[in-house]
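Asker: Have a peek at input02.pdb (PDB, C-alpha atoms).
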ATOM      1  CA  MET P   1     -75.667  37.641 -82.390
ATOM      2  CA  SER P   2     -77.150  34.518 -83.882
ATOM      3  CA  LEU P   3     -79.017  34.409 -87.175
ATOM      4  CA  VAL P   4     -81.110  31.532 -85.846
ATOM      5  CA  THR P   5     -84.711  32.608 -85.603
ATOM      6  CA  ASN P   6     -85.740  33.412 -82.073
ATOM      7  CA  PRO P   7     -89.511  33.281 -81.519
ATOM      8  CA  GLU P   8     -89.239  36.475 -79.460
ATOM      9  CA  VAL P   9     -87.494  38.392 -82.264
ATOM     10  CA  ALA P  10     -88.793  39.172 -85.736
ATOM     11  CA  ALA P  11     -87.375  36.894 -88.452
ATOM     12  CA  HIS P  12     -84.636  38.224 -90.688
ATOM     13  CA  GLU P  13     -85.381  38.964 -94.307
ATOM     14  CA  PHE P  14     -82.915  38.438 -97.133
ATOM     15  CA  ALA P  15     -83.074  39.497-100.775
ATOM     16  CA  LEU P  16     -81.264  37.740-103.617
ATOM     17  CA  MET P  17     -79.029  39.930-105.772
ATOM     18  CA  LEU P  18     -77.699  38.983-109.201
ATOM     19  CA  ALA P  19     -74.222  40.367-109.897
ATOM     20  CA  LEU P  20     -73.862  41.216-113.598
ATOM     21  CA  SER P  21     -70.969  42.750-115.467
ATOM     22  CA  THR P  22     -71.536  46.198-116.911
ATOM     23  CA  ALA P  23     -70.225  44.599-120.119
ATOM     24  CA  HIS P  24     -73.844  43.462-120.553
ATOM     25  CA  MET P  25     -74.928  47.101-120.851
ATOM     26  CA  SER P  26     -74.046  49.395-123.721
ATOM     27  CA  PRO P  27     -72.151  52.596-122.871
ATOM     28  CA  GLY P  28     -75.065  54.560-124.348
ATOM     29  CA  THR P  29     -77.541  52.900-121.998
ATOM     30  CA  ALA P  30     -75.214  53.553-119.060
ATOM     31  CA  ALA P  31     -74.822  57.229-119.931
ATOM     32  CA  ASP P  32     -78.291  58.096-121.208
ATOM     33  CA  TRP P  33     -80.866  55.648-119.860
ATOM     34  CA  MET P  34     -79.660  54.521-116.415
ATOM     35  CA  PRO P  35     -79.842  58.037-114.874
ATOM     36  CA  ARG P  36     -83.550  58.144-115.749
ATOM     37  CA  CYS P  37     -84.504  54.508-115.063
ATOM     38  CA  PRO P  38     -88.226  54.656-114.163
ATOM     39  CA  TRP P  39     -87.962  52.237-111.206
ATOM     40  CA  ALA P  40     -85.593  51.981-108.227
ATOM     41  CA  CYS P  41     -82.020  52.189-109.467
ATOM     42  CA  PHE P  42     -79.095  53.637-107.533
ATOM     43  CA  ALA P  43     -75.551  54.521-108.521
ATOM     44  CA  LYS P  44     -72.982  52.198-106.939
ATOM     45  CA  GLY P  45     -70.214  54.680-106.444
ATOM     46  CA  GLU P  46     -68.511  55.468-109.726
ATOM     47  CA  TRP P  47     -68.606  51.916-111.061
ATOM     48  CA  GLY P  48     -72.077  50.500-111.417
ATOM     49  CA  TRP P  49     -75.633  50.448-110.149
ATOM     50  CA  PHE P  50     -78.048  48.623-107.904
ATOM     51  CA  MET P  51     -81.252  48.002-109.851
ATOM     52  CA  TYR P  52     -84.497  46.719-108.403
ATOM     53  CA  VAL P  53     -85.986  43.836-110.397
ATOM     54  CA  CYS P  54     -89.292  45.580-110.984
ATOM     55  CA  ASP P  55     -92.163  43.142-111.501
ATOM     56  CA  ASP P  56     -94.415  45.595-113.358
ATOM     57  CA  VAL P  57     -93.989  44.389-116.947
ATOM     58  CA  GLY P  58     -95.984  47.373-118.147
ATOM     59  CA  VAL P  59     -93.010  49.470-117.015
ATOM     60  CA  THR P  60     -90.078  47.120-117.695
ATOM     61  CA  GLU P  61     -91.257  46.020-121.148
ATOM     62  CA  ALA P  62     -91.948  49.558-122.367
ATOM     63  CA  ALA P  63     -90.508  50.454-125.769
ATOM     64  CA  ASP P  64     -88.001  52.911-124.274
ATOM     65  CA  VAL P  65     -86.420  50.291-121.957
ATOM     66  CA  PRO P  66     -83.220  49.075-123.651
ATOM     67  CA  LEU P  67     -83.206  45.450-124.765
ATOM     68  CA  GLU P  68     -80.147  44.631-122.631
ATOM     69  CA  ILE P  69     -81.967  45.870-119.514
ATOM     70  CA  ARG P  70     -85.076  43.824-120.330
ATOM     71  CA  SER P  71     -82.895  40.759-120.973
ATOM     72  CA  ALA P  72     -81.058  41.186-117.654
ATOM     73  CA  LEU P  73     -84.388  41.518-115.835
ATOM     74  CA  HIS P  74     -85.605  38.283-117.453
ATOM     75  CA  VAL P  75     -82.502  36.448-116.203
ATOM     76  CA  ALA P  76     -82.873  37.934-112.701
ATOM     77  CA  ARG P  77     -86.549  36.970-112.509
ATOM     78  CA  LYS P  78     -85.769  33.433-113.686
ATOM     79  CA  LEU P  79     -83.272  33.165-110.811
ATOM     80  CA  ARG P  80     -85.796  34.766-108.394
ATOM     81  CA  CYS P  81     -83.519  37.712-107.641
ATOM     82  CA  GLN P  82     -84.945  40.959-106.319
ATOM     83  CA  TRP P  83     -81.942  43.123-107.269
ATOM     84  CA  ILE P  84     -79.263  43.347-109.949
ATOM     85  CA  MET P  85     -75.856  44.702-109.044
ATOM     86  CA  TRP P  86     -74.226  46.020-112.209
ATOM     87  CA  ASP P  87     -70.450  46.095-111.697
ATOM     88  CA  CYS P  88     -67.456  46.146-114.046
ATOM     89  CA  ASP P  89     -65.862  43.265-112.108
ATOM     90  CA  ALA P  90     -68.986  41.087-111.892
ATOM     91  CA  PRO P  91     -69.365  37.892-113.936
ATOM     92  CA  ILE P  92     -70.147  37.689-117.638
ATOM     93  CA  VAL P  93     -73.292  35.626-118.319
ATOM     94  CA  ALA P  94     -73.331  33.550-121.507
ATOM     95  CA  ASP P  95     -77.037  34.225-122.199
ATOM     96  CA  LEU P  96     -76.652  38.018-122.342
ATOM     97  CA  PRO P  97     -75.083  40.237-125.015
ATOM     98  CA  GLU P  98     -71.718  41.887-124.354
ATOM     99  CA  TYR P  99     -70.776  45.426-125.339
ATOM    100  CA  ASP P 100     -67.335  46.852-125.980
ATOM    101  CA  TRP P 101     -66.804  49.711-123.543
ATOM    102  CA  GLY P 102     -63.492  50.531-125.214
ATOM    103  CA  ALA P 103     -65.278  51.695-128.358
ATOM    104  CA  ALA P 104     -67.123  55.008-128.414
ATOM    105  CA  THR P 105     -69.972  53.485-130.424
ATOM    106  CA  GLY P 106     -70.941  50.830-127.848
ATOM    107  CA  GLU P 107     -71.137  48.083-130.465
ATOM    108  CA  MET P 108     -71.587  44.537-129.245
ATOM    109  CA  SER P 109     -68.342  42.582-129.039
TER     110      SER P 109
END
Do you think you could lay out the structure here as C-alpha coordinates?

Answerer:
Amino acid sequence: MSLVTNPEVAAHEFALMLALSTAHMSPGTAADWMPRCPWACFAKGEWGWFMYVCDDVGVTEAADVPLEIRSALHVARKLRCQWIMWDCDAPIVADLPEYDWGAATGEMS
(Lines of atoms letter the chains of each structure in order from A and count residues from 1; the text may use other names and numbers.)
(Lines give C-alpha, C1' and ligand atoms only; values in the text may rest on other atoms or scores of the structure.)
Protein backbone atom coordinates (compact mmCIF):
# COMPACT_ATOMS: atom_id res chain seq x y z
CA MET A 1 0.00 0.00 0.00
CA SER A 2 1.41 3.35 -1.00
CA LEU A 3 0.99 6.52 1.02
CA VAL A 4 1.10 8.54 -2.20
CA THR A 5 -2.20 10.26 -2.72
CA ASN A 6 -4.34 8.52 -5.29
CA PRO A 7 -7.04 10.76 -6.78
CA GLU A 8 -9.49 7.86 -6.51
CA VAL A 9 -8.85 7.38 -2.77
CA ALA A 10 -9.42 9.86 0.04
CA ALA A 11 -6.23 11.58 1.24
CA HIS A 12 -4.63 10.41 4.46
CA GLU A 13 -4.75 12.62 7.50
CA PHE A 14 -1.96 12.86 10.06
CA ALA A 15 -1.88 14.55 13.46
CA LEU A 16 1.27 15.83 15.16
CA MET A 17 1.92 14.53 18.67
CA LEU A 18 4.34 16.07 21.15
CA ALA A 19 6.03 13.51 23.40
CA LEU A 20 6.64 14.98 26.86
CA SER A 21 8.11 13.40 29.95
CA THR A 22 5.77 12.93 32.88
CA ALA A 23 8.56 14.68 34.82
CA HIS A 24 6.88 17.87 33.57
CA MET A 25 3.77 17.00 35.58
CA SER A 26 3.57 16.95 39.35
CA PRO A 27 2.56 13.67 41.00
CA GLY A 28 -0.43 15.49 42.51
CA THR A 29 -1.65 16.58 39.08
CA ALA A 30 -1.18 13.04 37.77
CA ALA A 31 -3.14 11.51 40.64
CA ASP A 32 -5.84 14.11 41.22
CA TRP A 33 -6.35 16.23 38.10
CA MET A 34 -5.61 14.00 35.09
CA PRO A 35 -8.46 11.53 35.83
CA ARG A 36 -10.92 14.43 35.61
CA CYS A 37 -9.34 16.43 32.76
CA PRO A 38 -12.28 18.30 31.16
CA TRP A 39 -11.21 17.60 27.55
CA ALA A 40 -10.12 14.45 25.70
CA CYS A 41 -7.44 12.70 27.72
CA PHE A 42 -6.83 8.96 27.80
CA ALA A 43 -4.68 6.75 30.00
CA LYS A 44 -1.72 5.27 28.13
CA GLY A 45 -1.55 1.95 29.87
CA GLU A 46 -0.06 2.33 33.33
CA TRP A 47 2.57 4.88 32.33
CA GLY A 48 1.16 8.06 30.89
CA TRP A 49 -1.62 9.71 28.94
CA PHE A 50 -2.66 10.90 25.52
CA MET A 51 -4.01 14.44 25.85
CA TYR A 52 -5.80 16.37 23.14
CA VAL A 53 -4.43 19.89 22.67
CA CYS A 54 -7.77 21.57 23.25
CA ASP A 55 -8.03 24.95 21.52
CA ASP A 56 -10.79 26.31 23.77
CA VAL A 57 -8.79 28.67 26.00
CA GLY A 58 -11.89 29.24 28.10
CA VAL A 59 -11.47 25.61 29.19
CA THR A 60 -7.68 25.20 29.16
CA GLU A 61 -6.92 28.49 30.92
CA ALA A 62 -9.46 27.94 33.70
CA ALA A 63 -8.20 28.50 37.24
CA ASP A 64 -8.44 24.80 38.12
CA VAL A 65 -6.16 23.69 35.24
CA PRO A 66 -2.68 23.13 36.71
CA LEU A 67 0.02 25.52 35.53
CA GLU A 68 2.19 22.67 34.20
CA ILE A 69 -0.69 21.48 31.99
CA ARG A 70 -1.31 25.00 30.65
CA SER A 71 2.42 25.40 29.99
CA ALA A 72 2.61 22.08 28.12
CA LEU A 73 -0.41 23.08 26.02
CA HIS A 74 1.30 26.37 25.13
CA VAL A 75 4.39 24.49 23.92
CA ALA A 76 2.27 22.01 21.94
CA ARG A 77 0.28 24.80 20.27
CA LYS A 78 3.48 26.67 19.39
CA LEU A 79 4.70 23.50 17.65
CA ARG A 80 1.26 23.00 16.01
CA CYS A 81 0.71 19.64 17.69
CA GLN A 82 -2.79 18.26 18.13
CA TRP A 83 -1.88 15.77 20.88
CA ILE A 84 0.51 15.43 23.80
CA MET A 85 1.78 12.00 24.76
CA TRP A 86 2.84 12.10 28.41
CA ASP A 87 5.31 9.27 29.04
CA CYS A 88 7.97 8.62 31.69
CA ASP A 89 10.53 7.85 28.96
CA ALA A 90 9.73 10.84 26.73
CA PRO A 91 12.10 13.81 26.42
CA ILE A 92 12.60 16.55 28.99
CA VAL A 93 11.94 20.01 27.52
CA ALA A 94 14.08 22.87 28.82
CA ASP A 95 11.20 25.39 28.77
CA LEU A 96 8.98 23.39 31.14
CA PRO A 97 9.27 22.81 34.90
CA GLU A 98 10.37 19.41 36.20
CA TYR A 99 8.92 17.64 39.22
CA ASP A 100 10.54 15.04 41.43
CA TRP A 101 8.41 11.91 41.29
CA GLY A 102 10.60 10.28 43.93
CA ALA A 103 9.35 12.71 46.58
CA ALA A 104 5.86 12.36 48.02
CA THR A 105 5.37 16.13 47.98
CA GLY A 106 5.82 16.57 44.20
CA GLU A 107 8.17 19.53 44.64
CA MET A 108 9.91 20.85 41.55
CA SER A 109 13.44 19.53 41.14

Asker: Identify, on the basis of all atoms listed in the file, every residue whose closest approach to Val65 in chain P does not exceed 12 Å; exclude the query and any residue fewer than 6 positions from it along the same chain; express the result as a PDB file with C-alpha atoms, in the frame of the given file.

Answerer:
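This went into around-v6.pdb:
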ATOM      1  CA  MET P  25     -74.928  47.101-120.851  1.00  0.00           C
ATOM      2  CA  THR P  29     -77.541  52.900-121.998  1.00  0.00           C
ATOM      3  CA  ASP P  32     -78.291  58.096-121.208  1.00  0.00           C
ATOM      4  CA  TRP P  33     -80.866  55.648-119.860  1.00  0.00           C
ATOM      5  CA  MET P  34     -79.660  54.521-116.415  1.00  0.00           C
ATOM      6  CA  ARG P  36     -83.550  58.144-115.749  1.00  0.00           C
ATOM      7  CA  CYS P  37     -84.504  54.508-115.063  1.00  0.00           C
ATOM      8  CA  PRO P  38     -88.226  54.656-114.163  1.00  0.00           C
ATOM      9  CA  TRP P  39     -87.962  52.237-111.206  1.00  0.00           C
ATOM     10  CA  VAL P  57     -93.989  44.389-116.947  1.00  0.00           C
ATOM     11  CA  GLY P  58     -95.984  47.373-118.147  1.00  0.00           C
ATOM     12  CA  VAL P  59     -93.010  49.470-117.015  1.00  0.00           C
ATOM     13  CA  SER P  71     -82.895  40.759-120.973  1.00  0.00           C
ATOM     14  CA  ALA P  72     -81.058  41.186-117.654  1.00  0.00           C
ATOM     15  CA  LEU P  73     -84.388  41.518-115.835  1.00  0.00           C
TER      16      LEU P  73
END

Asker: Using all atoms listed in the file - which residues lie no farther than 8 Å from the point (-77.3, 39.8, -126.5) in the file's frame? Write them as number ranges by chain.

Answerer: P: 24, 68, 71, 95-98, 108

Asker: Grab the CA of Ala31 in chain P to CA of Leu67 in chain P distance for me, in Å with one decimal place.

Answerer: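 Taking CA of Ala31 in chain P and CA of Leu67 in chain P, their separation equals 15.2 Å.
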
Asker: For this structure, which residues satisfy the selection - the PyMOL selection byres ((chain P and resi 16) around 10) - when it is evaluated on the file as given? I want them as a PyMOL selection string.

Answerer: chain P and resi 14-15+17-19+76+79-84

Asker: Which residue gives the smallest distance to Pro35 in chain P among P:Leu20, P:Cys88, P:Met51, P:Ala63, with all atoms listed in the file counted?

Answerer: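 The shortest atom-to-atom distance to Pro35 in chain P comes from P:Met51.
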
Asker: Run the PyMOL selection byres ((chain P and resi 49) around 9) against the file shown and list the residues it catches, as a PyMOL selection string.

Answerer: chain P and resi 22+34+41-48+50-51+84-87

Asker: How many Å lie between CA of Arg70 in chain P and CA of Val53 in chain P, rounded to one decimal?

Answerer: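 These two atoms are separated by 10.0 Å.
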
Asker: One number please: CA of Thr60 in chain P to CA of Ala30 in chain P, in Å, one decimal.

Answerer: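 Separating CA of Thr60 in chain P from CA of Ala30 in chain P is a distance of 16.3 Å.
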